[in-house]
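Listing of protein29.txt; format and content: compact mmCIF, C-alpha atoms.
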# COMPACT_ATOMS: atom_id res chain seq x y z
CA MET A 197 -6.24 -34.84 6.35
CA THR A 198 -5.63 -31.36 7.73
CA ASN A 199 -4.08 -30.17 4.47
CA LEU A 200 -7.17 -31.26 2.55
CA SER A 201 -9.64 -29.50 4.84
CA VAL A 202 -7.85 -26.18 5.39
CA PRO A 203 -7.34 -24.18 2.17
CA GLY A 204 -4.60 -22.02 3.71
CA ALA A 205 -2.65 -25.09 4.77
CA ARG A 206 -3.12 -26.78 1.41
CA LEU A 207 -1.99 -23.72 -0.52
CA GLY A 208 0.63 -22.50 1.91
CA PRO A 209 0.58 -19.04 3.52
CA LYS A 210 2.35 -17.29 0.65
CA ARG A 211 0.14 -18.77 -2.07
CA ALA A 212 -2.97 -18.06 -0.01
CA VAL A 213 -1.97 -14.40 0.36
CA ASN A 214 -1.21 -14.14 -3.37
CA ARG A 215 -4.59 -15.65 -4.21
CA LEU A 216 -6.27 -13.18 -1.85
CA LYS A 217 -4.45 -10.30 -3.55
CA THR A 218 -5.52 -11.56 -6.97
CA TRP A 219 -9.13 -11.75 -5.83
CA ALA A 220 -9.01 -8.25 -4.36
CA ARG A 221 -7.47 -6.77 -7.49
CA GLY A 222 -10.27 -8.41 -9.48
CA LEU A 223 -12.78 -6.07 -7.84
CA SER A 224 -13.70 -2.79 -9.47
CA PRO A 225 -11.73 0.33 -8.40
CA ASP A 226 -14.83 1.71 -6.67
CA ARG A 227 -15.28 -1.45 -4.60
CA GLN A 228 -11.60 -1.50 -3.71
CA PHE A 229 -11.98 2.14 -2.63
CA MET A 230 -14.84 1.17 -0.33
CA VAL A 231 -12.84 -1.71 1.14
CA GLY A 232 -9.80 0.52 1.62
CA THR A 233 -11.72 3.19 3.50
CA ALA A 234 -13.45 0.54 5.62
CA VAL A 235 -10.05 -0.92 6.56
CA ALA A 236 -8.19 2.37 7.13
CA PHE A 237 -10.58 4.70 8.92
CA PRO A 238 -11.98 2.64 11.86
CA PRO A 239 -8.55 1.94 13.44
CA VAL A 240 -7.52 5.58 13.06
CA ILE A 241 -10.77 6.88 14.56
CA ALA A 242 -10.52 4.39 17.42
CA HIS A 243 -6.92 5.44 18.06
CA LEU A 244 -7.85 9.14 18.18
CA TRP A 245 -10.83 8.48 20.42
CA PHE A 246 -8.89 6.42 22.93
CA LEU A 247 -6.10 8.98 22.98
CA ARG A 248 -8.72 11.53 23.98
CA THR A 249 -9.95 9.33 26.81
CA GLY A 250 -6.40 8.59 28.00
CA PRO A 251 -5.58 4.89 27.49
CA SER A 252 -2.66 3.09 29.02
CA PHE A 253 0.76 3.14 27.35
CA ILE A 254 0.44 -0.44 26.09
CA THR A 255 -3.05 0.23 24.73
CA GLY A 256 -1.77 3.32 22.96
CA LEU A 257 1.03 1.34 21.29
CA LEU A 258 -1.39 -1.37 20.17
CA LEU A 259 -3.79 1.21 18.76
CA LEU A 260 -0.92 2.97 16.98
CA ALA A 261 0.18 -0.32 15.43
CA GLY A 262 -3.40 -1.01 14.35
CA SER A 263 -3.71 2.44 12.79
CA CYS A 264 -0.45 2.03 10.85
CA ALA A 265 -1.45 -1.42 9.64
CA GLY A 266 -4.92 -0.20 8.64
CA CYS A 267 -3.50 2.76 6.72
CA GLY A 268 -0.98 0.52 4.96
CA ILE A 269 -3.58 -2.04 3.88
CA GLY A 270 -6.08 0.69 3.02
CA SER A 271 -3.60 2.49 0.78
CA TRP A 272 -3.00 -0.76 -1.11
CA PHE A 273 -6.75 -0.99 -1.82
CA LEU A 274 -6.93 2.71 -2.76
CA ARG A 275 -4.14 2.52 -5.37
CA PRO A 276 -6.36 1.37 -8.32
CA TRP A 277 -8.80 4.19 -7.61
CA TYR A 278 -5.90 6.66 -7.39
CA GLU A 279 -4.52 5.50 -10.74
CA THR A 280 -7.88 6.22 -12.44
CA LEU A 281 -7.59 9.91 -11.54
CA THR A 282 -6.17 12.51 -13.88
CA GLY A 283 -2.64 13.80 -13.39
CA LYS A 284 -3.94 17.08 -11.97
CA GLU A 285 -6.12 15.29 -9.41
CA GLN A 286 -3.22 13.02 -8.41
CA ARG A 287 -0.97 16.05 -7.85
CA ARG A 288 -3.62 17.63 -5.62
CA ILE A 289 -3.86 14.53 -3.46
CA THR A 290 -0.11 14.02 -3.13
CA ALA A 291 0.26 17.70 -2.15
CA LEU A 292 -1.81 17.16 1.02
CA PRO A 293 1.21 16.21 3.22
CA LEU A 294 2.95 19.45 2.21
CA VAL A 295 -0.18 21.50 2.91
CA GLY A 296 -0.56 19.79 6.27
CA TYR A 297 3.09 20.42 7.10
CA VAL A 298 2.83 24.13 6.34
CA GLY A 299 -0.48 24.46 8.19
CA LEU A 300 0.66 22.61 11.31
CA GLY A 301 3.95 24.51 11.30
CA ALA A 302 2.13 27.85 11.15
CA VAL A 303 -0.21 26.85 13.99
CA PHE A 304 2.75 25.64 16.09
CA VAL A 305 4.63 28.92 15.61
CA LEU A 306 1.52 30.98 16.35
CA CYS A 307 0.84 29.04 19.56
CA SER A 308 4.49 29.42 20.58
CA LEU A 309 4.27 33.19 20.13
CA LEU A 310 1.04 33.38 22.11
CA MET A 311 2.73 31.43 24.89
CA ALA A 312 5.39 34.14 25.28
CA SER A 313 3.25 36.18 27.68
CA SER A 314 3.26 33.39 30.27
CA GLY A 315 6.59 31.64 29.59
CA ARG A 316 9.17 33.32 27.42
CA TRP A 317 11.84 30.61 27.83
CA VAL A 318 9.46 27.87 26.74
CA SER A 319 8.18 29.98 23.84
CA ALA A 320 11.74 30.77 22.73
CA ALA A 321 12.71 27.10 22.92
CA PHE A 322 9.70 26.08 20.80
CA LEU A 323 10.50 28.71 18.15
CA ILE A 324 14.13 27.62 17.93
CA ALA A 325 13.00 23.97 17.81
CA ALA A 326 10.72 24.79 14.85
CA TRP A 327 13.71 26.29 12.99
CA VAL A 328 15.86 23.23 13.75
CA ALA A 329 13.09 20.84 12.68
CA HIS A 330 12.54 22.58 9.34
CA SER A 331 16.28 22.83 8.68
CA SER A 332 16.66 19.10 9.35
CA TYR A 333 13.47 17.55 7.97
CA GLY A 334 11.54 20.21 6.06
CA ALA A 335 12.71 19.00 2.65
CA SER A 336 11.19 15.54 3.19
CA PHE A 337 7.65 16.93 2.87
CA GLU A 338 8.14 18.04 -0.73
CA PRO A 339 6.11 15.70 -2.98
CA SER A 340 8.28 13.45 -5.14
CA SER A 341 5.60 12.50 -7.68
CA ALA A 342 5.20 14.48 -10.94
CA PRO A 343 8.58 16.16 -10.32
CA TYR A 344 8.75 18.04 -13.63
CA GLU A 345 5.20 19.36 -13.39
CA ARG A 346 5.83 20.44 -9.79
CA LEU A 347 9.26 21.92 -10.38
CA ARG A 348 8.03 25.51 -10.73
CA GLY A 349 6.28 25.32 -7.35
CA ARG A 350 9.25 23.50 -5.83
CA LEU A 351 11.59 26.28 -6.92
CA GLY A 352 9.17 28.94 -5.73
CA ARG A 353 8.43 27.44 -2.29
CA ALA A 354 11.91 26.62 -1.06
CA ALA A 355 13.21 30.15 -0.46
CA PRO A 356 10.07 31.60 1.25
CA MET A 357 9.80 28.59 3.56
CA ARG A 358 13.48 28.90 4.44
CA LEU A 359 13.02 32.59 5.21
CA ALA A 360 10.01 31.85 7.41
CA ALA A 361 11.98 29.18 9.30
CA ASN A 362 15.02 31.46 9.72
CA TRP A 363 12.96 34.33 11.10
CA THR A 364 11.18 31.91 13.42
CA GLY A 365 14.53 30.94 14.89
CA ILE A 366 15.63 34.59 15.09
CA SER A 367 12.39 35.45 16.88
CA GLY A 368 13.16 32.73 19.42
CA LEU A 369 16.63 34.14 20.04
CA LEU A 370 15.28 37.69 20.37
CA LEU A 371 12.66 36.47 22.81
CA ALA A 372 15.35 34.81 24.91
CA LEU A 373 17.33 38.08 24.91
CA THR A 374 14.48 39.93 26.59
CA TYR A 375 15.68 38.53 29.93
CA ALA A 376 19.02 40.31 29.49
CA TRP A 377 17.24 43.44 28.22
CA GLU A 378 15.46 43.77 31.58
CA ARG A 379 18.80 43.93 33.43
CA PRO A 380 20.20 47.49 33.32
CA GLU A 381 23.82 46.33 33.21
CA TYR A 382 23.15 44.12 30.15
CA LYS A 383 20.77 46.41 28.33
CA GLY A 384 23.36 47.90 25.97
CA ALA A 385 24.96 44.55 25.16
CA SER A 386 21.61 42.86 24.58
CA PHE A 387 20.54 45.65 22.24
CA SER A 388 23.76 45.23 20.23
CA VAL A 389 23.24 41.47 20.00
CA ALA A 390 19.59 41.89 18.98
CA ALA A 391 20.51 44.44 16.30
CA SER A 392 23.23 42.12 15.01
CA LEU A 393 20.74 39.24 14.80
CA VAL A 394 18.25 41.35 12.85
CA VAL A 395 20.93 42.61 10.43
CA ALA A 396 22.27 39.06 9.98
CA GLY A 397 18.72 37.86 9.32
CA VAL A 398 18.17 40.51 6.66
CA VAL A 399 21.50 39.73 4.97
CA ALA A 400 20.82 35.98 5.07
CA SER A 401 17.34 36.54 3.61
CA LEU A 402 18.74 38.55 0.70
CA ARG A 403 21.35 35.86 0.06
CA VAL A 404 18.71 33.11 0.04
CA LEU A 405 16.57 35.01 -2.49
CA ALA A 406 19.60 35.83 -4.64
CA ARG A 407 20.75 32.20 -4.59
CA ALA A 408 17.32 31.00 -5.73
CA ARG A 409 17.32 33.46 -8.65
CA ARG A 410 20.88 32.59 -9.69
CA LEU A 411 20.07 28.89 -9.52
CA ARG A 412 17.12 29.33 -11.87
CA THR A 413 19.32 31.29 -14.26
CA ARG A 414 21.98 28.59 -14.24
CA LEU A 415 19.37 25.87 -14.73
CA ASP A 416 17.96 27.66 -17.77
CA GLU A 417 21.40 28.20 -19.32
CA GLU A 418 22.70 24.70 -18.68
CA THR A 419 19.47 22.99 -19.77
CA THR A 420 19.51 25.00 -23.01
CA ASP A 421 23.12 23.95 -23.55
CA VAL A 422 22.31 20.26 -23.05
CA ILE A 423 19.38 20.45 -25.49
CA GLN A 424 21.57 22.09 -28.12
CA LYS A 425 24.38 19.57 -27.65
CA LEU A 426 21.99 16.60 -27.89
CA GLU A 427 20.44 18.00 -31.07
CA THR A 428 23.93 18.58 -32.54
CA LEU A 429 24.94 15.03 -31.63
CA ARG A 430 21.83 13.58 -33.27
CA HIS A 431 22.74 15.18 -36.59
CA ALA A 432 26.47 14.38 -36.30
CA SER A 433 28.18 11.28 -37.64
CA GLU A 434 28.56 8.17 -35.48
CA ASP A 435 32.34 8.70 -35.26
CA ASP A 436 32.09 12.32 -34.10
CA ARG A 437 33.74 11.94 -30.70
CA ALA A 438 33.90 15.70 -30.13
CA ALA A 439 30.11 16.08 -30.29
CA ARG A 440 29.64 13.18 -27.87
CA ASP A 441 32.20 14.60 -25.43
CA ALA A 442 30.55 18.03 -25.62
CA ALA A 443 27.14 16.51 -24.79
CA ASP A 444 28.63 14.58 -21.86
CA ALA A 445 30.33 17.69 -20.50
CA ALA A 446 27.15 19.79 -20.80
CA TRP A 447 25.11 17.13 -19.01
CA GLU A 448 27.68 16.78 -16.23
CA LYS A 449 27.34 20.49 -15.44
CA LEU A 450 23.54 20.27 -15.42
CA ARG A 451 23.59 17.09 -13.34
CA ARG A 452 25.52 18.81 -10.56
CA THR A 453 23.15 21.78 -10.62
CA LEU A 454 20.07 19.53 -10.43
CA GLY A 455 21.46 18.04 -7.22
CA SER A 456 22.11 21.45 -5.63
CA ARG A 457 20.02 22.81 -2.76
CA ILE A 458 17.72 25.58 -3.91
CA GLU A 459 17.94 27.83 -0.87
CA THR A 460 21.13 26.77 0.94
CA GLY A 461 24.67 25.72 0.17
CA ILE A 462 24.57 23.07 2.89
CA THR A 463 24.58 19.47 1.73
CA PHE A 464 22.38 18.11 4.54
CA SER A 465 19.76 20.88 4.68
CA GLY A 466 17.52 22.27 1.98
CA VAL A 467 15.47 21.19 -1.02
CA THR A 468 17.19 19.78 -4.09
CA VAL A 469 16.08 20.92 -7.53
CA LEU A 470 14.83 17.43 -8.42
CA PRO A 471 14.34 14.35 -6.21
CA GLU A 472 17.16 11.82 -6.27
CA ALA A 473 15.17 9.13 -8.09
CA THR A 474 14.18 11.62 -10.80
CA ARG A 475 17.79 12.77 -11.24
CA ARG A 476 18.90 9.15 -11.55
CA GLY A 477 16.29 8.42 -14.21
CA LEU A 478 17.19 11.55 -16.16
CA HIS A 479 20.87 10.62 -15.95
CA HIS A 480 20.19 7.20 -17.47
CA ALA A 481 18.02 8.75 -20.19
CA VAL A 482 20.72 11.26 -21.18
CA ASN A 483 23.48 8.64 -21.19
CA ARG A 484 21.37 6.35 -23.35
CA ASP A 485 20.60 9.18 -25.76
CA VAL A 486 24.29 10.13 -25.98
CA ARG A 487 25.41 6.54 -26.61
CA THR A 488 22.86 6.04 -29.38
CA SER A 489 23.23 9.59 -30.77
CA GLY A 490 19.46 10.05 -30.48
CA ALA A 491 18.66 7.08 -32.72
CA ASP A 492 15.55 6.24 -30.69
CA ARG A 493 13.37 9.15 -31.80
CA LYS A 494 10.63 8.54 -29.24
CA ALA A 495 13.05 8.40 -26.29
CA HIS A 496 14.88 11.44 -27.66
CA ARG A 497 11.66 13.49 -27.87
CA GLN A 498 10.65 12.45 -24.34
CA LEU A 499 14.05 13.47 -23.01
CA LEU A 500 13.89 16.87 -24.71
CA ALA A 501 10.36 17.37 -23.38
CA ARG A 502 11.60 16.82 -19.81
CA LEU A 503 14.49 19.21 -20.30
CA ARG A 504 12.17 21.85 -21.73
CA MET A 505 9.88 21.48 -18.71
CA ILE A 506 12.87 22.41 -16.53
CA ARG A 507 13.33 25.55 -18.61
CA VAL A 508 9.65 26.42 -18.36
CA ALA A 509 9.80 26.06 -14.57
CA CYS A 510 12.60 28.65 -14.44
CA ALA A 511 10.99 31.18 -16.77
CA GLY A 512 10.25 34.63 -15.36
CA ARG A 513 12.21 34.20 -12.13
CA MET A 514 15.79 34.58 -13.27
CA ASP A 515 18.55 37.12 -12.71
CA THR A 516 20.69 37.39 -15.82
CA VAL A 517 22.50 40.53 -14.58
CA GLY A 518 24.23 38.98 -11.54
Would you write the structure of this file as structure tokens?
Amino acid sequence: MTNLSVPGARLGPKRAVNRLKTWARGLSPDRQFMVGTAVAFPPVIAHLWFLRTGPSFITGLLLLAGSCAGCGIGSWFLRPWYETLTGKEQRRITALPLVGYVGLGAVFVLCSLLMASSGRWVSAAFLIAAWVAHSSYGASFEPSSAPYERLRGRLGRAAPMRLAANWTGISGLLLALTYAWERPEYKGASFSVAASLVVAGVVASLRVLARARRLRTRLDEETTDVIQKLETLRHASEDDRAARDAADAAWEKLRRTLGSRIETGITFSGVTVLPEATRRGLHHAVNRDVRTSGADRKAHRQLLARLRMIRVACAGRMDTVG
């Protein structure tokens, strides 16, 4: 009797949720946008308001959970509206986390510097913490969508942001050295250490910029080589093993370069040329094109278009002399 009177019980929880999703997706994108904003914003606003008024710890956790759930459900409703936007508008929206990261980082560093007049140790610790945070997690704020269209900006941002983070950390160390500078017996030693830090910072900055230029040069050369080898393979006979091996070897060199860090040689810190998922997809596309010798003309043209976009992203910022 209960199963007949309660739709959720008759359908089962999973089927009821699926039917609810089907009904929601049947709405127009504009209506789903309205529902998404109505679901996402009230919990977030309530959370911020109660944080301002100082709730209890348990209340804060509950409000945080509500905000996360509201944002998750709201983003599901906003997806159809997002997919109706043009590629340029989508790239602008997905760049907001990066803009927020840079803006909040700049404000944090500025506030840390202003704090130096009243507490140099705390200010120095905050500046060094900002360097550590960027070195550990800064790469995660790079947008992963539209990777080929964003590659030029990705290559151009990595080195300047690394330089800003390095000099933030150096500023923290120099600020901490001011305590030794005030002691007459340590004044000479502290000056030597400070000068060494500045010189090391300048040398490291030049190396970061040089690495970024050399990486663009190598990307351009290796991408050109892969394009030429794939075109040669497409016009070669099916039994031409040498052409296939040459295409595989050229791609293997480019594959390793695409996984390199733009501004550092450290495997756990820095921004890779392309996101991992994009590199994996490109790897499958190249292997498929090599196996079929470019028989699928549409897939072959799409692959060459992606490779040419990598070359375009490197144009004008190379160092062919070094």
Do a neighbour search on segment 374-387 of chain A at 12 Å with only C-alpha atoms, toss out local chain neighbours closer than 4 positions, and write the hits as a short mmCIF file (atom, residue, chain, number, x, y, z; two decimals) with C-alpha atoms, in the coordinates of the input.
data_model
loop_
_atom_site.label_atom_id
_atom_site.label_comp_id
_atom_site.auth_asym_id
_atom_site.auth_seq_id
_atom_site.Cartn_x
_atom_site.Cartn_y
_atom_site.Cartn_z
CA ALA A 312 5.39 34.14 25.28
CA SER A 313 3.25 36.18 27.68
CA GLY A 315 6.59 31.64 29.59
CA ARG A 316 9.17 33.32 27.42
CA TRP A 317 11.84 30.61 27.83
CA ALA A 320 11.74 30.77 22.73
CA SER A 367 12.39 35.45 16.88
CA GLY A 368 13.16 32.73 19.42
CA LEU A 369 16.63 34.14 20.04
CA LEU A 370 15.28 37.69 20.37
CA ALA A 391 20.51 44.44 16.30
CA SER A 392 23.23 42.12 15.01
CA LEU A 393 20.74 39.24 14.80
CA VAL A 394 18.25 41.35 12.85
#
task = Could you please determine the separation between atom CA of Ala509 of chain A and atom CA of Leu347 of chain A in Å, to one decimal place?
result =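 So the two atoms, atom CA of Ala509 of chain A and atom CA of Leu347 of chain A, lie 5.9 Å apart.
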query = From the list A:Val231, A:Val482, A:Ala291, A:Ala329, which residue is nearest Pro343 of chain A when using all atoms listed in the file?
reply =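 Closest candidate: A:Ala291.
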Using all atoms listed in the file, what table do you get, as a tab-separated table, when you list each residue of segment 487-517 of chain A with an atom no more than 12 Å from segment 434-456 of chain A, its nearest pair of atoms, and their distance in Å rounded to one decimal, rows by chain then rising number?
residue	atom	partner	partner_atom	distance
A:Arg487	CA	A:Arg440	CA	8.0
A:Thr488	CA	A:Glu434	CA	8.6
A:Ser489	CA	A:Glu434	CA	7.3
A:Gly490	CA	A:Glu434	CA	10.6
A:Ala491	CA	A:Glu434	CA	10.3
A:Leu503	CA	A:Leu450	CA	10.3
A:Ile506	CA	A:Leu454	CA	9.9
A:Arg507	CA	A:Leu450	CA	11.9
task = Name all residues at most 12 Å from Pro239 of chain A (count only C-alpha atoms; drop same-chain ones fewer than 4 positions away) and give them as a PyMOL selection string.
result = chain A and resi 232-235+243-246+256+258-270
ask   = With all atoms listed in the file as the atoms that count, which of A:Arg403, A:Arg348, A:Arg430, A:Leu478 lies nearest to Met505 of chain A?
value =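 Closest to Met505 of chain A, using all atoms listed in the file: A:Arg348.
Minimum distance to Ala355 of chain A across A:Gln228, A:Thr280, A:Ser252, A:Thr460 (counting only C-alpha atoms) occurs at A:Thr460.
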query = For Arg513 of chain A, which residue among A:Leu351, A:Ile289, A:Leu470, A:Ala302 is the nearest when counting only C-alpha atoms?
reply = A:Leu351
query = Please, what distance in Å, to one decimal, runs between atom CA of Leu300 of chain A and atom CA of Gly397 of chain A?
reply = 23.7 Å
remark   = atom CA of Gly299 of chain A to atom CA of Gly466 of chain A measures 19.2 Å
Where is the centre and how long are the edges: axis-aligned box on segment 496-505 of chain A, 6 Å on each side, Å to one decimal, as JSON:
{"center_x": 12.4, "center_y": 16.6, "center_z": -23.3, "size_x": 17.0, "size_y": 22.4, "size_z": 21.2}
